[in-house]
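*Asks:* What follows is upload_35.cif; its format and atoms are mmCIF, C-alpha atoms.
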data_run
#
loop_
_atom_site.group_PDB
_atom_site.id
_atom_site.type_symbol
_atom_site.label_atom_id
_atom_site.label_comp_id
_atom_site.auth_asym_id
_atom_site.auth_seq_id
_atom_site.Cartn_x
_atom_site.Cartn_y
_atom_site.Cartn_z
ATOM 1 C CA MET A 1 11.488 128.999 104.988
ATOM 2 C CA ASP A 2 12.821 126.433 107.324
ATOM 3 C CA MET A 3 14.631 127.166 110.606
ATOM 4 C CA ARG A 4 17.991 126.267 109.112
ATOM 5 C CA SER A 5 17.721 128.987 106.427
ATOM 6 C CA ILE A 6 16.645 131.562 109.014
ATOM 7 C CA ALA A 7 19.577 130.647 111.294
ATOM 8 C CA ILE A 8 22.083 130.893 108.430
ATOM 9 C CA GLY A 9 20.618 134.234 107.359
ATOM 10 C CA LEU A 10 20.862 135.629 110.907
ATOM 11 C CA CYS A 11 24.458 134.391 111.237
ATOM 12 C CA ASN A 12 25.355 136.154 107.994
ATOM 13 C CA ILE A 13 23.751 139.391 109.160
ATOM 14 C CA PHE A 14 25.554 139.262 112.531
ATOM 15 C CA THR A 15 28.854 138.504 110.786
ATOM 16 C CA ILE A 16 28.439 141.497 108.487
ATOM 17 C CA ILE A 17 27.528 143.775 111.408
ATOM 18 C CA PHE A 18 30.492 142.489 113.469
ATOM 19 C CA PHE A 19 33.043 143.092 110.717
ATOM 20 C CA THR A 20 31.597 146.524 109.891
ATOM 21 C CA VAL A 21 31.813 147.638 113.533
ATOM 22 C CA PHE A 22 35.304 146.123 113.860
ATOM 23 C CA GLN A 23 36.482 147.970 110.735
ATOM 24 C CA VAL A 24 35.072 151.344 111.918
ATOM 25 C CA ASP A 25 36.614 150.827 115.363
ATOM 26 C CA ALA A 26 40.000 150.044 113.796
ATOM 27 C CA GLN A 27 39.818 153.223 111.678
ATOM 28 C CA VAL A 28 39.027 155.391 114.704
ATOM 29 C CA HIS A 29 41.911 153.900 116.677
ATOM 30 C CA SER A 30 44.363 154.330 113.805
ATOM 31 C CA GLU A 31 43.374 157.991 113.408
ATOM 32 C CA LEU A 32 43.854 158.614 117.136
ATOM 33 C CA SER A 33 47.266 156.973 117.232
ATOM 34 C CA HIS A 34 48.969 159.528 114.972
ATOM 35 C CA GLU A 35 52.028 161.262 116.352
ATOM 36 C CA PRO A 36 51.302 164.771 117.708
ATOM 37 C CA THR A 37 52.574 167.671 115.622
ATOM 38 C CA LEU A 38 55.553 169.729 116.756
ATOM 39 C CA LYS A 39 53.164 172.499 117.803
ATOM 40 C CA GLN A 40 51.085 170.062 119.846
ATOM 41 C CA LYS A 41 54.203 168.681 121.521
ATOM 42 C CA ALA A 42 55.367 172.215 122.354
ATOM 43 C CA GLU A 43 51.973 173.045 123.863
ATOM 44 C CA ILE A 44 51.898 169.827 125.873
ATOM 45 C CA TYR A 45 55.317 170.550 127.356
ATOM 46 C CA LEU A 46 54.303 174.145 128.065
ATOM 47 C CA TYR A 47 51.228 173.026 129.999
ATOM 48 C CA ARG A 48 53.344 170.479 131.887
ATOM 49 C CA ASN A 49 55.741 173.304 132.867
ATOM 50 C CA GLU A 50 58.575 171.544 131.023
ATOM 51 C CA PHE A 51 59.785 174.767 129.467
ATOM 52 C CA SER A 52 63.098 173.635 127.959
ATOM 53 C CA GLN A 53 61.319 170.937 125.967
ATOM 54 C CA SER A 54 58.551 173.354 125.044
ATOM 55 C CA ILE A 55 61.040 175.937 123.759
ATOM 56 C CA LEU A 56 62.833 173.255 121.764
ATOM 57 C CA TYR A 57 59.633 172.102 120.048
ATOM 58 C CA TYR A 58 58.393 175.642 119.397
ATOM 59 C CA LYS A 59 61.702 176.426 117.682
ATOM 60 C CA LYS A 60 61.477 173.249 115.586
ATOM 61 C CA ALA A 61 57.887 174.102 114.634
ATOM 62 C CA ILE A 62 58.867 177.662 113.674
ATOM 63 C CA ASP A 63 61.689 176.307 111.522
ATOM 64 C CA GLN A 64 59.024 174.337 109.623
ATOM 65 C CA ASP A 65 56.331 177.029 109.557
ATOM 66 C CA ASN A 66 57.440 180.566 110.369
ATOM 67 C CA LEU A 67 54.110 182.007 109.186
ATOM 68 C CA ASP A 68 52.148 180.663 112.188
ATOM 69 C CA VAL A 69 52.110 183.585 114.616
ATOM 70 C CA TYR A 70 50.688 181.338 117.337
ATOM 71 C CA LEU A 71 54.015 179.489 117.430
ATOM 72 C CA PHE A 72 55.733 182.779 118.282
ATOM 73 C CA ARG A 73 53.133 183.440 120.968
ATOM 74 C CA GLY A 74 53.694 180.032 122.548
ATOM 75 C CA LEU A 75 57.454 180.444 122.370
ATOM 76 C CA ALA A 76 57.198 183.811 124.149
ATOM 77 C CA GLN A 77 55.039 182.222 126.856
ATOM 78 C CA ALA A 78 57.516 179.376 127.380
ATOM 79 C CA LEU A 79 60.471 181.763 127.495
ATOM 80 C CA ASN A 80 58.720 184.068 129.946
ATOM 81 C CA ARG A 81 57.562 181.288 132.242
ATOM 82 C CA SER A 82 61.054 179.757 132.257
ATOM 83 C CA GLY A 83 62.661 183.120 133.057
ATOM 84 C CA LYS A 84 64.755 183.027 129.877
ATOM 85 C CA ILE A 85 63.933 186.557 128.751
ATOM 86 C CA LYS A 86 67.395 187.460 127.406
ATOM 87 C CA GLN A 87 67.618 184.174 125.532
ATOM 88 C CA GLY A 88 64.150 184.893 124.144
ATOM 89 C CA ILE A 89 65.212 188.273 122.814
ATOM 90 C CA ASP A 90 68.140 186.598 121.047
ATOM 91 C CA ILE A 91 65.900 183.886 119.610
ATOM 92 C CA PHE A 92 63.329 186.350 118.245
ATOM 93 C CA ASN A 93 66.101 188.535 116.815
ATOM 94 C CA GLN A 94 67.385 185.482 114.915
ATOM 95 C CA TYR A 95 63.957 185.026 113.318
ATOM 96 C CA LEU A 96 63.783 188.671 112.160
ATOM 97 C CA GLN A 97 65.308 187.792 108.773
ATOM 98 C CA THR A 98 62.873 185.009 107.924
ATOM 99 C CA SER A 99 59.689 186.205 109.650
ATOM 100 C CA PRO A 100 59.918 189.885 110.578
ATOM 101 C CA SER A 101 56.306 190.571 111.582
ATOM 102 C CA ASN A 102 55.985 187.428 113.692
ATOM 103 C CA SER A 103 59.400 187.983 115.284
ATOM 104 C CA LEU A 104 58.500 191.545 116.186
ATOM 105 C CA TYR A 105 55.222 190.259 117.582
ATOM 106 C CA GLY A 106 57.184 187.716 119.655
ATOM 107 C CA LEU A 107 59.429 190.476 120.986
ATOM 108 C CA GLY A 108 56.414 192.650 121.705
ATOM 109 C CA TYR A 109 54.517 189.879 123.438
ATOM 110 C CA LEU A 110 57.553 188.889 125.485
ATOM 111 C CA ASN A 111 57.910 192.510 126.635
ATOM 112 C CA TYR A 112 54.175 192.658 127.323
ATOM 113 C CA LEU A 113 54.454 189.567 129.536
ATOM 114 C CA THR A 114 57.357 191.106 131.448
ATOM 115 C CA LYS A 115 55.426 194.372 131.952
ATOM 116 C CA ASN A 116 57.793 196.402 129.763
ATOM 117 C CA LYS A 117 54.918 198.322 128.182
ATOM 118 C CA LYS A 118 56.802 200.935 126.152
ATOM 119 C CA GLN A 119 59.077 198.398 124.484
ATOM 120 C CA ALA A 120 56.111 196.075 123.914
ATOM 121 C CA GLN A 121 54.151 198.833 122.179
ATOM 122 C CA THR A 122 57.114 199.671 119.943
ATOM 123 C CA PHE A 123 57.581 196.082 118.771
ATOM 124 C CA LEU A 124 53.854 195.450 118.349
ATOM 125 C CA ARG A 125 53.421 198.604 116.256
ATOM 126 C CA GLU A 126 56.341 197.578 114.049
ATOM 127 C CA ALA A 127 54.822 194.104 113.615
ATOM 128 C CA ILE A 128 51.502 195.632 112.545
ATOM 129 C CA GLU A 129 53.249 198.050 110.194
ATOM 130 C CA ILE A 130 54.878 195.118 108.395
ATOM 131 C CA ASN A 131 51.723 192.975 108.465
ATOM 132 C CA PRO A 132 48.483 194.899 109.048
ATOM 133 C CA LYS A 133 46.655 191.535 109.354
ATOM 134 C CA ASN A 134 48.669 190.429 112.394
ATOM 135 C CA THR A 135 45.658 190.204 114.686
ATOM 136 C CA LEU A 136 47.613 188.887 117.671
ATOM 137 C CA ALA A 137 49.832 191.980 117.565
ATOM 138 C CA MET A 138 46.752 194.209 117.324
ATOM 139 C CA ASN A 139 45.127 192.402 120.237
ATOM 140 C CA ASN A 140 48.181 192.733 122.458
ATOM 141 C CA LEU A 141 48.658 196.366 121.508
ATOM 142 C CA ALA A 142 45.084 197.059 122.505
ATOM 143 C CA ALA A 143 45.574 195.226 125.793
#
Would you mind giving the structure from this file in structure tokens?

*Replies:*
Amino acid sequence: MDMRSIAIGLCNIFTIIFFTVFQVDAQVHSELSHEPTLKQKAEIYLYRNEFSQSILYYKKAIDQDNLDVYLFRGLAQALNRSGKIKQGIDIFNQYLQTSPSNSLYGLGYLNYLTKNKKQAQTFLREAIEINPKNTLAMNNLAA
């Protein structure tokens, strides 16, 4: 083989490697640039202490997926930390029709956070009675 053939072969190999790496890098960046979910947005606002925005996004997320008990937990945390306890009770009461166990859990957890132990126990027991697999309600009842 002459030097020209070796040089062309090496250039081809480097070109293939470059485009392969570039393509993988582009895929990684496109996967990372997706918009956060409603739940993720709610959590971000909660951790930033922007409670009104957090409450708004938790409610939107619950409207899309009222089976995710963690959304009700986050909503209770945002309501408690913002001092909107009465508004929280109203919100969870509104969700009783569409998601009774999770709403009762939310009411129980909100009362737990505000140190209203008797009321918390009542709501948590009701949540477990409706859904015996509601592990968050069981955990908070035990606590």

*Asks:* Apply the PyMOL selection byres ((chain A and resi 72-77) around 6) to the file shown and report the selected residues as a PyMOL selection string.

*Replies:* chain A and resi 55+58+69-71+78-80+106+110

*Asks:* Would you pick out the contacts of Leu96 of chain A at 12 Å or less, using only C-alpha atoms, so that residues sharing its chain but fewer than 5 positions from it are not included, and give the list as a PDB file with C-alpha atoms, in the coordinates of the input?

*Replies:*
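Dumped everything to part-v9.pdb:
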ATOM      1  CA  ASN A  66      57.440 180.566 110.369  1.00  0.00           C
ATOM      2  CA  PHE A  72      55.733 182.779 118.282  1.00  0.00           C
ATOM      3  CA  ILE A  89      65.212 188.273 122.814  1.00  0.00           C
ATOM      4  CA  ASP A  90      68.140 186.598 121.047  1.00  0.00           C
ATOM      5  CA  ILE A  91      65.900 183.886 119.610  1.00  0.00           C
ATOM      6  CA  SER A 101      56.306 190.571 111.582  1.00  0.00           C
ATOM      7  CA  ASN A 102      55.985 187.428 113.692  1.00  0.00           C
ATOM      8  CA  SER A 103      59.400 187.983 115.284  1.00  0.00           C
ATOM      9  CA  LEU A 104      58.500 191.545 116.186  1.00  0.00           C
ATOM     10  CA  TYR A 105      55.222 190.259 117.582  1.00  0.00           C
ATOM     11  CA  GLY A 106      57.184 187.716 119.655  1.00  0.00           C
ATOM     12  CA  LEU A 107      59.429 190.476 120.986  1.00  0.00           C
ATOM     13  CA  PHE A 123      57.581 196.082 118.771  1.00  0.00           C
ATOM     14  CA  GLU A 126      56.341 197.578 114.049  1.00  0.00           C
ATOM     15  CA  ALA A 127      54.822 194.104 113.615  1.00  0.00           C
ATOM     16  CA  ILE A 130      54.878 195.118 108.395  1.00  0.00           C
TER      17      ILE A 130
END

*Asks:* Skip Lys60 of chain A itself and residues of its chain fewer than 4 positions away, then list as a ChimeraX atom specification all residues within 9 Å of it, counting all atoms listed in the file.

*Replies:* /A:38-39,55-56,64-65

*Asks:* Quick one: distance from atom CA of Gly88 of chain A to atom CA of Asn111 of chain A in Å, one decimal?

*Replies:*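 Separation between atom CA of Gly88 of chain A and atom CA of Asn111 of chain A: 10.2 Å.
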
*Asks:* Which is closest to Ser99 of chain A among A:Lys41, A:Leu67, A:Gly83, A:Ala143, if we use all atoms listed in the file?

*Replies:*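 Ranked by minimum distance to Ser99 of chain A, first place goes to A:Leu67.
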
*Asks:* Have a look at A:Ile6, A:Glu50, A:Tyr109, A:Tyr57 and name the one nearest to Pro36 of chain A; count all atoms listed in the file.

*Replies:*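 Between A:Ile6, A:Glu50, A:Tyr109, A:Tyr57, the residue approaching Pro36 of chain A most closely is A:Tyr57.
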
*Asks:* Between atom CA of Pro100 of chain A and atom CA of Leu124 of chain A, what is the distance, to one decimal in Å?

*Replies:*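 Straight-line distance from atom CA of Pro100 of chain A to atom CA of Leu124 of chain A works out to 11.3 Å.
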
*Asks:* Ranking A:Ile13, A:Ile128, A:Ile85, A:Ala137 by minimum distance to Gly108 of chain A and counting all atoms listed in the file, which one comes first?

*Replies:* A:Ala137

*Asks:* Can you measure atom CA of Lys86 of chain A to atom CA of Asn116 of chain A for me? One decimal in Å is fine.

*Replies:* 13.3 Å

*Asks:* Which is closer to Leu141 of chain A than all the others in A:Glu129, A:Asp2, A:Glu43, A:Gln121, using all atoms listed in the file?

*Replies:*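 The closest residue to Leu141 of chain A is A:Gln121.
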